[in-house]
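Undergrad: Provided below: protein_29.pdb, containing PDB, C-alpha atoms.
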```pdb
ATOM      1  CA  MET A   1      29.607 -11.061  -6.833
ATOM      2  CA  PHE A   2      26.704 -12.606  -4.915
ATOM      3  CA  SER A   3      26.139 -11.273  -1.422
ATOM      4  CA  SER A   4      24.179 -13.104   1.252
ATOM      5  CA  GLU A   5      22.861  -9.703   2.312
ATOM      6  CA  ARG A   6      20.471  -9.861  -0.648
ATOM      7  CA  LEU A   7      18.603 -12.756   0.959
ATOM      8  CA  LYS A   8      18.041 -11.015   4.268
ATOM      9  CA  GLY A   9      14.472  -9.893   4.844
ATOM     10  CA  ILE A  10      12.991 -11.627   1.790
ATOM     11  CA  ASP A  11      11.044 -14.171   3.836
ATOM     12  CA  VAL A  12       9.747 -11.421   6.134
ATOM     13  CA  PHE A  13       8.756  -9.236   3.165
ATOM     14  CA  VAL A  14       6.851 -12.066   1.436
ATOM     15  CA  CYS A  15       5.097 -13.042   4.661
ATOM     16  CA  VAL A  16       3.968  -9.450   5.299
ATOM     17  CA  ALA A  17       2.736  -9.123   1.705
ATOM     18  CA  ASP A  18       0.802 -12.404   1.974
ATOM     19  CA  SER A  19      -0.579 -11.667   5.445
ATOM     20  CA  GLY A  20      -1.609  -8.074   4.780
ATOM     21  CA  SER A  21      -0.278  -6.715   8.078
ATOM     22  CA  PHE A  22       2.822  -6.678  10.276
ATOM     23  CA  LYS A  23       0.870  -8.187  13.171
ATOM     24  CA  ALA A  24      -0.402 -11.166  11.171
ATOM     25  CA  ALA A  25       3.076 -11.751   9.730
ATOM     26  CA  ALA A  26       4.587 -11.656  13.227
ATOM     27  CA  GLU A  27       2.142 -14.321  14.398
ATOM     28  CA  ARG A  28       2.860 -16.532  11.397
ATOM     29  CA  MET A  29       6.646 -16.227  11.783
ATOM     30  CA  ASN A  30       6.624 -16.370  15.597
ATOM     31  CA  LEU A  31       8.388 -13.005  15.805
ATOM     32  CA  THR A  32       7.570  -9.728  17.492
ATOM     33  CA  GLY A  33       5.827  -6.948  15.587
ATOM     34  CA  SER A  34       8.883  -4.781  16.212
ATOM     35  CA  ALA A  35      11.177  -7.364  14.586
ATOM     36  CA  ILE A  36       8.937  -7.516  11.527
ATOM     37  CA  SER A  37       8.779  -3.722  11.234
ATOM     38  CA  LYS A  38      12.559  -3.342  11.602
ATOM     39  CA  GLY A  39      13.154  -6.104   9.052
ATOM     40  CA  ILE A  40      11.025  -4.314   6.443
ATOM     41  CA  ALA A  41      12.629  -0.967   7.255
ATOM     42  CA  ARG A  42      16.142  -2.414   6.790
ATOM     43  CA  LEU A  43      15.094  -4.025   3.491
ATOM     44  CA  GLU A  44      13.595  -0.782   2.172
ATOM     45  CA  SER A  45      16.697   1.104   3.270
ATOM     46  CA  ARG A  46      18.986  -1.339   1.487
ATOM     47  CA  LEU A  47      16.875  -1.239  -1.678
ATOM     48  CA  GLN A  48      16.359   2.527  -1.356
ATOM     49  CA  THR A  49      12.752   1.907  -2.344
ATOM     50  CA  ARG A  50       9.472   1.985  -0.456
ATOM     51  CA  LEU A  51       7.801  -1.422  -0.756
ATOM     52  CA  PHE A  52       4.554  -0.767   1.140
ATOM     53  CA  HIS A  53       1.941   1.956   1.340
ATOM     54  CA  ARG A  54       1.180   2.315   5.051
ATOM     55  CA  THR A  55      -1.929   3.894   6.552
ATOM     56  CA  THR A  56      -3.609   3.437   9.915
ATOM     57  CA  ARG A  57      -6.174   1.121   8.330
ATOM     58  CA  ARG A  58      -4.426  -0.850   5.627
ATOM     59  CA  LEU A  59      -1.131  -2.020   4.223
ATOM     60  CA  SER A  60      -0.605  -2.458   0.478
ATOM     61  CA  LEU A  61       2.282  -2.990  -1.900
ATOM     62  CA  THR A  62       3.673  -0.131  -3.960
ATOM     63  CA  ASP A  63       4.316  -0.692  -7.665
ATOM     64  CA  ALA A  64       7.940  -1.403  -6.815
ATOM     65  CA  GLY A  65       6.768  -3.723  -4.040
ATOM     66  CA  ILE A  66       4.570  -5.683  -6.449
ATOM     67  CA  ALA A  67       7.481  -6.187  -8.853
ATOM     68  CA  PHE A  68       9.830  -7.168  -6.010
ATOM     69  CA  TYR A  69       7.205  -9.555  -4.572
ATOM     70  CA  ARG A  70       6.969 -11.421  -7.871
ATOM     71  CA  THR A  71      10.730 -11.781  -7.999
ATOM     72  CA  CYS A  72      11.007 -12.882  -4.365
ATOM     73  CA  THR A  73       8.248 -15.486  -4.606
ATOM     74  CA  GLY A  74       9.952 -16.840  -7.727
ATOM     75  CA  VAL A  75      13.277 -17.091  -5.874
ATOM     76  CA  LEU A  76      11.660 -18.810  -2.884
ATOM     77  CA  ALA A  77       9.827 -21.212  -5.204
ATOM     78  CA  ASP A  78      13.099 -22.105  -6.920
ATOM     79  CA  LEU A  79      14.766 -22.707  -3.559
ATOM     80  CA  GLU A  80      11.837 -24.896  -2.510
ATOM     81  CA  GLU A  81      12.048 -26.830  -5.756
ATOM     82  CA  ALA A  82      15.785 -27.378  -5.304
ATOM     83  CA  GLU A  83      15.307 -28.553  -1.731
ATOM     84  CA  LEU A  84      12.496 -30.921  -2.614
ATOM     85  CA  SER A  85      14.486 -32.357  -5.506
ATOM     86  CA  LEU A  86      17.086 -33.460  -2.925
ATOM     87  CA  HIS A  87      14.404 -35.439  -1.139
ATOM     88  CA  ALA A  88      12.819 -37.304  -4.023
ATOM     89  CA  GLU A  89      11.419 -39.892  -1.644
ATOM     90  CA  ASN A  90       9.051 -37.248  -0.268
ATOM     91  CA  VAL A  91       5.871 -37.685  -2.322
ATOM     92  CA  GLU A  92       3.481 -35.773  -0.044
ATOM     93  CA  PRO A  93       2.152 -32.592  -1.719
ATOM     94  CA  ARG A  94       3.359 -29.691   0.393
ATOM     95  CA  GLY A  95       4.312 -26.048   0.236
ATOM     96  CA  ARG A  96       3.035 -22.986  -1.611
ATOM     97  CA  ILE A  97       1.278 -23.450  -4.961
ATOM     98  CA  ARG A  98      -0.121 -20.698  -7.213
ATOM     99  CA  ILE A  99      -3.299 -21.486  -9.168
ATOM    100  CA  ASP A 100      -5.241 -19.148 -11.446
ATOM    101  CA  LEU A 101      -8.812 -19.936 -12.515
ATOM    102  CA  PRO A 102     -11.385 -18.346 -14.847
ATOM    103  CA  GLY A 103     -14.214 -16.613 -12.975
ATOM    104  CA  ALA A 104     -17.479 -18.535 -13.303
ATOM    105  CA  PHE A 105     -15.992 -21.876 -14.393
ATOM    106  CA  GLY A 106     -13.322 -21.655 -11.729
ATOM    107  CA  ARG A 107     -15.747 -20.973  -8.890
ATOM    108  CA  SER A 108     -18.318 -23.597  -9.848
ATOM    109  CA  GLN A 109     -16.150 -26.375 -11.306
ATOM    110  CA  ALA A 110     -12.457 -26.110 -10.396
ATOM    111  CA  LEU A 111     -12.512 -24.569  -6.905
ATOM    112  CA  PRO A 112     -14.511 -27.420  -5.259
ATOM    113  CA  VAL A 113     -12.006 -29.926  -6.693
ATOM    114  CA  ILE A 114      -9.051 -27.943  -5.350
ATOM    115  CA  LEU A 115     -10.641 -27.503  -1.915
ATOM    116  CA  ARG A 116     -11.209 -31.256  -1.580
ATOM    117  CA  PHE A 117      -7.603 -31.860  -2.599
ATOM    118  CA  VAL A 118      -6.300 -29.318  -0.082
ATOM    119  CA  GLN A 119      -8.351 -30.855   2.733
ATOM    120  CA  ASP A 120      -6.592 -34.162   2.068
ATOM    121  CA  HIS A 121      -3.136 -32.532   2.120
ATOM    122  CA  ALA A 122      -2.703 -30.385   5.217
ATOM    123  CA  LEU A 123       0.832 -29.287   4.280
ATOM    124  CA  LEU A 124      -0.298 -27.636   1.039
ATOM    125  CA  LEU A 125      -0.506 -23.816   0.954
ATOM    126  CA  PRO A 126      -2.611 -22.795  -2.069
ATOM    127  CA  HIS A 127      -2.788 -19.247  -3.424
ATOM    128  CA  ILE A 128      -5.845 -19.196  -5.703
ATOM    129  CA  SER A 129      -6.670 -16.248  -7.945
ATOM    130  CA  PHE A 130      -9.467 -15.658 -10.459
ATOM    131  CA  SER A 131      -9.083 -13.855 -13.784
ATOM    132  CA  ASP A 132     -10.526 -14.160 -17.266
ATOM    133  CA  ARG A 133      -7.545 -12.611 -19.003
ATOM    134  CA  PHE A 134      -4.847 -14.781 -20.536
ATOM    135  CA  ILE A 135      -2.112 -14.452 -17.941
ATOM    136  CA  ASP A 136       1.549 -15.344 -18.515
ATOM    137  CA  PRO A 137       2.339 -18.119 -15.983
ATOM    138  CA  ILE A 138       6.085 -17.646 -16.521
ATOM    139  CA  GLU A 139       6.033 -13.882 -15.931
ATOM    140  CA  GLU A 140       3.579 -14.052 -13.016
ATOM    141  CA  GLY A 141       4.935 -17.204 -11.369
ATOM    142  CA  VAL A 142       1.705 -19.218 -11.496
ATOM    143  CA  ASP A 143       2.126 -22.998 -11.208
ATOM    144  CA  ILE A 144      -1.212 -24.122 -12.684
ATOM    145  CA  VAL A 145      -3.691 -22.266 -14.880
ATOM    146  CA  VAL A 146      -7.174 -23.400 -15.961
ATOM    147  CA  ARG A 147      -8.555 -21.573 -18.981
ATOM    148  CA  ILE A 148     -11.632 -21.542 -21.187
ATOM    149  CA  GLY A 149     -10.300 -20.988 -24.705
ATOM    150  CA  GLY A 150      -6.747 -20.082 -25.574
ATOM    151  CA  SER A 151      -4.116 -20.532 -28.225
ATOM    152  CA  ASP A 152      -3.281 -23.784 -30.005
ATOM    153  CA  VAL A 153       0.404 -22.865 -29.733
ATOM    154  CA  TRP A 154       1.994 -22.859 -26.269
ATOM    155  CA  PRO A 155       5.485 -21.699 -25.189
ATOM    156  CA  ALA A 156       8.068 -24.453 -24.712
ATOM    157  CA  ALA A 157       8.310 -23.659 -20.982
ATOM    158  CA  LEU A 158       4.623 -24.536 -20.460
ATOM    159  CA  GLY A 159       2.967 -27.909 -20.294
ATOM    160  CA  HIS A 160      -0.554 -28.074 -21.711
ATOM    161  CA  ARG A 161      -3.497 -30.451 -21.720
ATOM    162  CA  TYR A 162      -6.711 -30.065 -23.683
ATOM    163  CA  LEU A 163      -9.516 -31.423 -21.496
ATOM    164  CA  GLY A 164     -12.423 -31.131 -23.932
ATOM    165  CA  SER A 165     -14.860 -28.509 -25.122
ATOM    166  CA  GLU A 166     -17.815 -26.758 -23.597
ATOM    167  CA  TRP A 167     -21.233 -27.792 -24.917
ATOM    168  CA  HIS A 168     -23.284 -24.701 -25.780
ATOM    169  CA  ILE A 169     -27.052 -25.108 -25.588
ATOM    170  CA  PHE A 170     -30.080 -22.824 -25.910
ATOM    171  CA  CYS A 171     -32.258 -22.579 -22.814
ATOM    172  CA  ALA A 172     -35.152 -20.685 -21.247
ATOM    173  CA  SER A 173     -37.331 -20.855 -18.154
ATOM    174  CA  PRO A 174     -40.614 -22.808 -18.231
ATOM    175  CA  ALA A 175     -42.473 -19.584 -17.407
ATOM    176  CA  TYR A 176     -41.009 -17.807 -20.438
ATOM    177  CA  LEU A 177     -41.840 -20.709 -22.766
ATOM    178  CA  ASN A 178     -45.393 -20.934 -21.428
ATOM    179  CA  LYS A 179     -45.881 -17.241 -22.198
ATOM    180  CA  HIS A 180     -44.037 -16.934 -25.512
ATOM    181  CA  GLY A 181     -43.998 -20.464 -26.910
ATOM    182  CA  THR A 182     -41.093 -22.748 -27.773
ATOM    183  CA  PRO A 183     -38.950 -21.950 -30.839
ATOM    184  CA  MET A 184     -38.601 -24.832 -33.284
ATOM    185  CA  THR A 185     -36.048 -23.325 -35.708
ATOM    186  CA  ASP A 186     -33.313 -20.718 -35.487
ATOM    187  CA  ARG A 187     -35.530 -18.339 -37.489
ATOM    188  CA  ASP A 188     -38.118 -18.507 -34.709
ATOM    189  CA  LEU A 189     -35.609 -16.732 -32.468
ATOM    190  CA  GLU A 190     -36.346 -13.517 -34.392
ATOM    191  CA  HIS A 191     -39.697 -13.442 -32.606
ATOM    192  CA  HIS A 192     -38.280 -14.117 -29.141
ATOM    193  CA  GLN A 193     -36.459 -12.115 -26.488
ATOM    194  CA  CYS A 194     -32.799 -13.105 -26.772
ATOM    195  CA  ILE A 195     -30.273 -12.565 -23.973
ATOM    196  CA  THR A 196     -26.678 -12.353 -25.176
ATOM    197  CA  TYR A 197     -23.234 -11.824 -23.697
ATOM    198  CA  GLY A 198     -21.574  -8.443 -24.227
ATOM    199  CA  TRP A 199     -18.587  -6.367 -23.170
ATOM    200  CA  ALA A 200     -18.231  -2.914 -21.660
ATOM    201  CA  ASP A 201     -17.198  -1.445 -25.021
ATOM    202  CA  GLY A 202     -20.633  -2.256 -26.455
ATOM    203  CA  THR A 203     -19.665  -5.276 -28.546
ATOM    204  CA  VAL A 204     -21.850  -8.382 -28.363
ATOM    205  CA  SER A 205     -20.797 -12.016 -28.619
ATOM    206  CA  PRO A 206     -22.352 -13.901 -31.557
ATOM    207  CA  TRP A 207     -24.292 -17.126 -31.059
ATOM    208  CA  SER A 208     -23.116 -20.411 -32.548
ATOM    209  CA  PHE A 209     -25.448 -22.666 -34.544
ATOM    210  CA  SER A 210     -24.697 -26.171 -35.783
ATOM    211  CA  GLY A 211     -24.651 -26.380 -39.575
ATOM    212  CA  THR A 212     -26.174 -28.837 -42.000
ATOM    213  CA  HIS A 213     -22.987 -30.913 -42.104
ATOM    214  CA  PRO A 214     -21.323 -32.677 -39.128
ATOM    215  CA  GLY A 215     -18.848 -30.424 -37.360
ATOM    216  CA  GLU A 216     -20.045 -27.347 -39.225
ATOM    217  CA  THR A 217     -20.749 -24.276 -37.079
ATOM    218  CA  GLU A 218     -22.179 -20.915 -38.041
ATOM    219  CA  ARG A 219     -21.674 -17.853 -35.848
ATOM    220  CA  ARG A 220     -23.927 -14.829 -36.148
ATOM    221  CA  ILE A 221     -25.165 -11.874 -34.125
ATOM    222  CA  VAL A 222     -28.815 -12.133 -33.060
ATOM    223  CA  PRO A 223     -31.044  -9.187 -32.088
ATOM    224  CA  ALA A 224     -30.805  -8.964 -28.304
ATOM    225  CA  ARG A 225     -33.470  -7.872 -25.836
ATOM    226  CA  PHE A 226     -30.892  -7.979 -23.022
ATOM    227  CA  VAL A 227     -27.086  -7.882 -23.064
ATOM    228  CA  VAL A 228     -25.303  -9.079 -19.920
ATOM    229  CA  GLY A 229     -21.531  -9.070 -19.432
ATOM    230  CA  ASP A 230     -21.282 -11.977 -17.003
ATOM    231  CA  GLY A 231     -22.094 -15.679 -17.357
ATOM    232  CA  GLU A 232     -23.740 -16.009 -13.969
ATOM    233  CA  GLY A 233     -25.668 -12.825 -14.679
ATOM    234  CA  LEU A 234     -26.993 -14.413 -17.865
ATOM    235  CA  VAL A 235     -28.244 -17.391 -15.862
ATOM    236  CA  ILE A 236     -30.058 -15.075 -13.445
ATOM    237  CA  ALA A 237     -31.736 -13.248 -16.338
ATOM    238  CA  VAL A 238     -32.896 -16.493 -17.968
ATOM    239  CA  LEU A 239     -34.187 -17.870 -14.657
ATOM    240  CA  ALA A 240     -36.168 -14.640 -14.232
ATOM    241  CA  GLY A 241     -38.020 -15.386 -17.470
ATOM    242  CA  CYS A 242     -36.417 -12.566 -19.449
ATOM    243  CA  GLY A 243     -35.757 -14.628 -22.554
ATOM    244  CA  ILE A 244     -33.656 -17.279 -24.298
ATOM    245  CA  ALA A 245     -29.865 -17.526 -23.955
ATOM    246  CA  GLN A 246     -27.077 -19.734 -25.254
ATOM    247  CA  LEU A 247     -24.999 -21.005 -22.330
ATOM    248  CA  PRO A 248     -22.371 -23.681 -21.616
ATOM    249  CA  SER A 249     -23.984 -26.794 -20.188
ATOM    250  CA  TRP A 250     -21.641 -26.883 -17.153
ATOM    251  CA  LEU A 251     -22.950 -23.492 -16.054
ATOM    252  CA  ILE A 252     -26.598 -24.557 -15.935
ATOM    253  CA  LYS A 253     -26.299 -28.281 -15.188
ATOM    254  CA  ARG A 254     -28.095 -27.976 -11.837
ATOM    255  CA  GLN A 255     -30.891 -25.803 -13.231
ATOM    256  CA  LEU A 256     -31.522 -28.264 -16.061
ATOM    257  CA  GLU A 257     -31.657 -31.159 -13.600
ATOM    258  CA  GLU A 258     -34.056 -29.251 -11.336
ATOM    259  CA  GLY A 259     -36.247 -28.181 -14.269
ATOM    260  CA  THR A 260     -35.901 -24.457 -13.536
ATOM    261  CA  LEU A 261     -34.379 -24.139 -17.030
ATOM    262  CA  VAL A 262     -35.317 -26.080 -20.154
ATOM    263  CA  GLU A 263     -33.188 -26.761 -23.215
ATOM    264  CA  VAL A 264     -34.655 -25.586 -26.525
ATOM    265  CA  LEU A 265     -33.469 -26.135 -30.103
ATOM    266  CA  PRO A 266     -31.316 -29.134 -29.054
ATOM    267  CA  HIS A 267     -30.490 -29.914 -32.697
ATOM    268  CA  LEU A 268     -28.644 -26.582 -32.895
ATOM    269  CA  ALA A 269     -26.378 -27.116 -29.871
ATOM    270  CA  THR A 270     -22.655 -26.776 -30.625
ATOM    271  CA  ASP A 271     -19.204 -27.318 -29.198
ATOM    272  CA  GLY A 272     -17.996 -24.220 -27.422
ATOM    273  CA  LEU A 273     -14.557 -23.073 -26.310
ATOM    274  CA  ALA A 274     -11.793 -25.472 -25.367
ATOM    275  CA  ILE A 275     -11.090 -26.172 -21.690
ATOM    276  CA  ASN A 276      -7.314 -26.073 -21.135
ATOM    277  CA  LEU A 277      -5.016 -27.011 -18.273
ATOM    278  CA  VAL A 278      -1.637 -25.227 -18.357
ATOM    279  CA  TRP A 279       1.359 -25.425 -16.024
ATOM    280  CA  LEU A 280       5.025 -24.541 -15.615
ATOM    281  CA  LYS A 281       7.115 -27.482 -16.820
ATOM    282  CA  SER A 282       9.881 -26.519 -14.415
ATOM    283  CA  ARG A 283       7.506 -27.252 -11.522
ATOM    284  CA  GLN A 284       5.734 -30.310 -12.906
ATOM    285  CA  ALA A 285       7.920 -32.849 -11.046
ATOM    286  CA  LEU A 286       6.961 -31.420  -7.655
ATOM    287  CA  PRO A 287       4.398 -33.684  -5.943
ATOM    288  CA  LYS A 288       2.078 -30.776  -5.172
ATOM    289  CA  VAL A 289       1.910 -29.821  -8.859
ATOM    290  CA  SER A 290       1.817 -33.261 -10.475
ATOM    291  CA  ALA A 291      -0.828 -34.585  -8.075
ATOM    292  CA  LEU A 292      -3.126 -31.586  -8.471
ATOM    293  CA  LEU A 293      -2.726 -31.672 -12.262
ATOM    294  CA  GLU A 294      -3.972 -35.252 -12.349
ATOM    295  CA  VAL A 295      -6.933 -34.459 -10.091
ATOM    296  CA  LEU A 296      -7.949 -31.438 -12.156
ATOM    297  CA  ALA A 297      -7.546 -33.282 -15.462
ATOM    298  CA  ALA A 298      -9.763 -36.119 -14.270
ATOM    299  CA  SER A 299     -12.415 -33.857 -12.725
ATOM    300  CA  LEU A 300     -12.737 -31.050 -15.272
ATOM    301  CA  ALA A 301     -12.997 -33.105 -18.475
ATOM    302  CA  PRO A 302     -16.525 -32.470 -19.834
ATOM    303  CA  SER A 303     -18.729 -35.562 -19.687
ATOM    304  CA  GLY A 304     -19.711 -36.722 -23.115
ATOM    305  CA  GLY A 305     -17.299 -34.307 -24.739
ATOM    306  CA  LYS A 306     -14.277 -34.872 -26.901
ATOM    307  CA  PRO A 307     -11.561 -37.071 -25.349
ATOM    308  CA  SER A 308      -8.669 -35.187 -23.821
ATOM    309  CA  SER A 309      -5.163 -35.545 -25.122
ATOM    310  CA  PRO A 310      -2.353 -36.764 -22.872
ATOM    311  CA  VAL A 311      -0.263 -34.455 -20.743
ATOM    312  CA  ASN A 312       2.501 -32.694 -22.690
ATOM    313  CA  SER A 313       5.690 -32.735 -20.679
TER     314      SER A 313
END
```
Could you show the structure in this file as structure tokens?
TA:
Amino acid sequence: MFSSERLKGIDVFVCVADSGSFKAAAERMNLTGSAISKGIARLESRLQTRLFHRTTRRLSLTDAGIAFYRTCTGVLADLEEAELSLHAENVEPRGRIRIDLPGAFGRSQALPVILRFVQDHALLLPHISFSDRFIDPIEEGVDIVVRIGGSDVWPAALGHRYLGSEWHIFCASPAYLNKHGTPMTDRDLEHHQCITYGWADGTVSPWSFSGTHPGETERRIVPARFVVGDGEGLVIAVLAGCGIAQLPSWLIKRQLEEGTLVEVLPHLATDGLAINLVWLKSRQALPKVSALLEVLAASLAPSGGKPSSPVNS
């Protein structure tokens, strides 16, 4: 049997978790700090579980608190969705929206688009996170996910749109090329300092080379002078004249335009990973989700790349 007692304190708990302190939550909810503290204490007593780690300097969720937070935000999102569905005439994007972005691409390409959108919609409350792992939007309650790469098969509960592919090019600084010369073939790279991407376990990402036939791509490991485990770190190393790297064109667009980096071996450039837009179908009809999806789809499609397919709904 459902009890209304189970709803008591959920809004206070979520606000404290989002705000990071009882004082900030009290200000946001127009309550006293004592009321907030008592509300959390009653909730923890009812659940017989501690939800927060409390010290004099910081407040953080326990493991149980993290799990309960995910459930509560999902419940509140469902209630919001149900309420908004009763007011279909309301087309103004509003309310909380969870967005997860890949690190470098998200900061340089997607975040500026989202910030402009938010500035035009004062009632929108975005929660933006950055991760390069393949998160589960259903499990983690994320409305919209932007990803570089990913599966060709998506769960039925998720909508998906392929926006295009990265364009991977070889580049170096003018200073490096003046000192070491410009490679003309892929074999010339054996005599150059190559900077590649690698992981903490010691593995190194292979480079891609266009083949002799259209659409053909060859991937192989090249001897590396430097291995860097971060895209922006690779750019810094190439700008410093440390060698030649293969990078997505979106990451170095400004440097190419300014001439601080120069493309080499243009005939060997290849398509890179797919750029994907993913969302919860159950939330797609909400104005805040549908409007932001359209803005992101229009803004993140690579120029000159493959055409994107229509939204799957």
Undergrad: When you draw a straight line from atom CA of A:His127 to atom CA of A:Arg96, how long is it in Å?
TA: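 Value for the atom CA of A:His127-atom CA of A:Arg96 distance: 7.2 Å.
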Undergrad: Could you tell me how far atom CA of A:Ile195 lies from atom CA of A:Pro214, in Å and to one decimal?
TA: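 Interatomic distance here is 26.7 Å.
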Undergrad: Give me the residues near A:Ser299 as a JSON list (two decimals) with C-alpha atoms, keeping the file's coordinate frame, where near means some atom within 8 Å (using only C-alpha atoms) and where sequence neighbours in that chain fewer than 3 positions away do not count.
TA:
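Just written: around35.json:
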```json
[["chain", "number", "residue", "atom", "x", "y", "z"],
["A", 113, "VAL", "CA", -12.01, -29.93, -6.69],
["A", 295, "VAL", "CA", -6.93, -34.46, -10.09],
["A", 296, "LEU", "CA", -7.95, -31.44, -12.16]]
```
Undergrad: Expand the PyMOL selection byres ((chain A and resi 162) around 8) into the explicit residue set it covers here, and present it as a PyMOL selection string.
TA: chain A and resi 160-161+163-164+274-277+308-309
Undergrad: Write out, as a short mmCIF file (atom, residue, chain, number, x, y, z; two decimals), in the coordinates of the input, the residues just selected, with C-alpha atoms.
TA:
```cif
data_model
loop_
_atom_site.label_atom_id
_atom_site.label_comp_id
_atom_site.auth_asym_id
_atom_site.auth_seq_id
_atom_site.Cartn_x
_atom_site.Cartn_y
_atom_site.Cartn_z
CA HIS A 160 -0.55 -28.07 -21.71
CA ARG A 161 -3.50 -30.45 -21.72
CA LEU A 163 -9.52 -31.42 -21.50
CA GLY A 164 -12.42 -31.13 -23.93
CA ALA A 274 -11.79 -25.47 -25.37
CA ILE A 275 -11.09 -26.17 -21.69
CA ASN A 276 -7.31 -26.07 -21.14
CA LEU A 277 -5.02 -27.01 -18.27
CA SER A 308 -8.67 -35.19 -23.82
CA SER A 309 -5.16 -35.54 -25.12
#
```
Undergrad: Can you pull out the residues contacting A:Arg220? Cut-off 7 Å, using all atoms listed in the file, and skip same-chain residues under 5 positions away; I want them as a VMD selection string.
TA: chain A and resid 206 to 208
Undergrad: Starting from the shown file, work through the PyMOL selection byres ((chain A and resi 34-44) around 8) and note down what comes out as a PDB file with C-alpha atoms, in the coordinates of the input.
TA:
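Listing of expr.pdb after writing:
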```pdb
ATOM      1  CA  LYS A   8      18.041 -11.015   4.268  1.00  0.00           C
ATOM      2  CA  GLY A   9      14.472  -9.893   4.844  1.00  0.00           C
ATOM      3  CA  VAL A  12       9.747 -11.421   6.134  1.00  0.00           C
ATOM      4  CA  PHE A  13       8.756  -9.236   3.165  1.00  0.00           C
ATOM      5  CA  PHE A  22       2.822  -6.678  10.276  1.00  0.00           C
ATOM      6  CA  ALA A  25       3.076 -11.751   9.730  1.00  0.00           C
ATOM      7  CA  ALA A  26       4.587 -11.656  13.227  1.00  0.00           C
ATOM      8  CA  LEU A  31       8.388 -13.005  15.805  1.00  0.00           C
ATOM      9  CA  THR A  32       7.570  -9.728  17.492  1.00  0.00           C
ATOM     10  CA  GLY A  33       5.827  -6.948  15.587  1.00  0.00           C
ATOM     11  CA  SER A  45      16.697   1.104   3.270  1.00  0.00           C
ATOM     12  CA  ARG A  46      18.986  -1.339   1.487  1.00  0.00           C
ATOM     13  CA  LEU A  47      16.875  -1.239  -1.678  1.00  0.00           C
ATOM     14  CA  GLN A  48      16.359   2.527  -1.356  1.00  0.00           C
ATOM     15  CA  THR A  49      12.752   1.907  -2.344  1.00  0.00           C
ATOM     16  CA  ARG A  50       9.472   1.985  -0.456  1.00  0.00           C
ATOM     17  CA  LEU A  51       7.801  -1.422  -0.756  1.00  0.00           C
TER      18      LEU A  51
END
```
Undergrad: Between atom CA of A:Pro155 and atom CA of A:Phe134, what is the distance in Å, rounded to a tenth?
TA: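 Between atom CA of A:Pro155 and atom CA of A:Phe134 the gap is 13.3 Å.
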Undergrad: If we count only C-alpha atoms and set the cut-off at 8 Å, which residues sit around A:Ile252, ignoring sequence neighbours fewer than 5 positions away in its own chain? Please answer as a PDB file with C-alpha atoms, in the frame of the given file.
TA:
```pdb
ATOM      1  CA  VAL A 235     -28.244 -17.391 -15.862  1.00  0.00           C
ATOM      2  CA  LEU A 247     -24.999 -21.005 -22.330  1.00  0.00           C
ATOM      3  CA  LEU A 261     -34.379 -24.139 -17.030  1.00  0.00           C
TER       4      LEU A 261
END
```
Undergrad: Just so the selection is clear, what residues does the PyMOL selection byres ((chain A and resi 72) around 12) cover here, as a count of residues only?
TA: 27
Undergrad: Hey, what's within 10 Å of A:Arg219 if we count all atoms listed in the file and toss same-chain stuff fewer than 2 positions away? As a PyMOL selection string, please?
TA: chain A and resi 205-211+217+221-222
Undergrad: Counting all atoms listed in the file, what is within 10 Å of A:Arg98, bar same-chain residues fewer than 4 positions away, as a ChimeraX atom specification?
TA: /A:125-129,137,140-145,289
Undergrad: Give me a file of those residues, with C-alpha atoms, as a CSV table (one decimal), in the frame of the given file.
TA:
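Result file follows (result.csv):
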```
chain,number,residue,atom,x,y,z
A,125,LEU,CA,-0.5,-23.8,1.0
A,126,PRO,CA,-2.6,-22.8,-2.1
A,127,HIS,CA,-2.8,-19.2,-3.4
A,128,ILE,CA,-5.8,-19.2,-5.7
A,129,SER,CA,-6.7,-16.2,-7.9
A,137,PRO,CA,2.3,-18.1,-16.0
A,140,GLU,CA,3.6,-14.1,-13.0
A,141,GLY,CA,4.9,-17.2,-11.4
A,142,VAL,CA,1.7,-19.2,-11.5
A,143,ASP,CA,2.1,-23.0,-11.2
A,144,ILE,CA,-1.2,-24.1,-12.7
A,145,VAL,CA,-3.7,-22.3,-14.9
A,289,VAL,CA,1.9,-29.8,-8.9
```
Undergrad: Which residue is closest to A:Phe170? Choose from A:Asp120, A:Glu216, A:Glu263, A:Glu92 and count all atoms listed in the file.
TA: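 Smallest distance to A:Phe170 is found for A:Glu263.
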Undergrad: Return the padded bounding box of stretch 274-287 of chain A as AutoDock Vina command-line options: axis-aligned, built from all atoms listed in the file, 6 Å added on each side, with centre and edge lengths in Å to one decimal.
TA:
```
--center_x -1.0 --center_y -29.1 --center_z -15.7 --size_x 33.7 --size_y 21.1 --size_z 31.4
```
Undergrad: Using all atoms listed in the file, which of A:Gly272, A:Pro112, A:Gly243, A:Pro93 sits nearest A:Cys171?
TA: A:Gly243
Undergrad: Restrict the output to stretch 102-114 of chain A and C-alpha atoms, then write it as a PDB file, in the first residue's frame.
TA:
```
ATOM      1  CA  PRO A 102      32.368  13.999 -23.536  1.00  0.00           C
ATOM      2  CA  GLY A 103      35.328  15.908 -22.084  1.00  0.00           C
ATOM      3  CA  ALA A 104      37.176  17.860 -24.773  1.00  0.00           C
ATOM      4  CA  PHE A 105      34.410  17.842 -27.403  1.00  0.00           C
ATOM      5  CA  GLY A 106      31.818  18.743 -24.806  1.00  0.00           C
ATOM      6  CA  ARG A 107      33.744  21.713 -23.437  1.00  0.00           C
ATOM      7  CA  SER A 108      34.755  23.184 -26.788  1.00  0.00           C
ATOM      8  CA  GLN A 109      31.759  22.341 -28.991  1.00  0.00           C
ATOM      9  CA  ALA A 110      28.614  21.402 -27.051  1.00  0.00           C
ATOM     10  CA  LEU A 111      28.858  23.519 -23.886  1.00  0.00           C
ATOM     11  CA  PRO A 112      28.837  26.918 -25.696  1.00  0.00           C
ATOM     12  CA  VAL A 113      25.688  25.833 -27.573  1.00  0.00           C
ATOM     13  CA  ILE A 114      23.963  24.791 -24.347  1.00  0.00           C
TER      14      ILE A 114
END
```
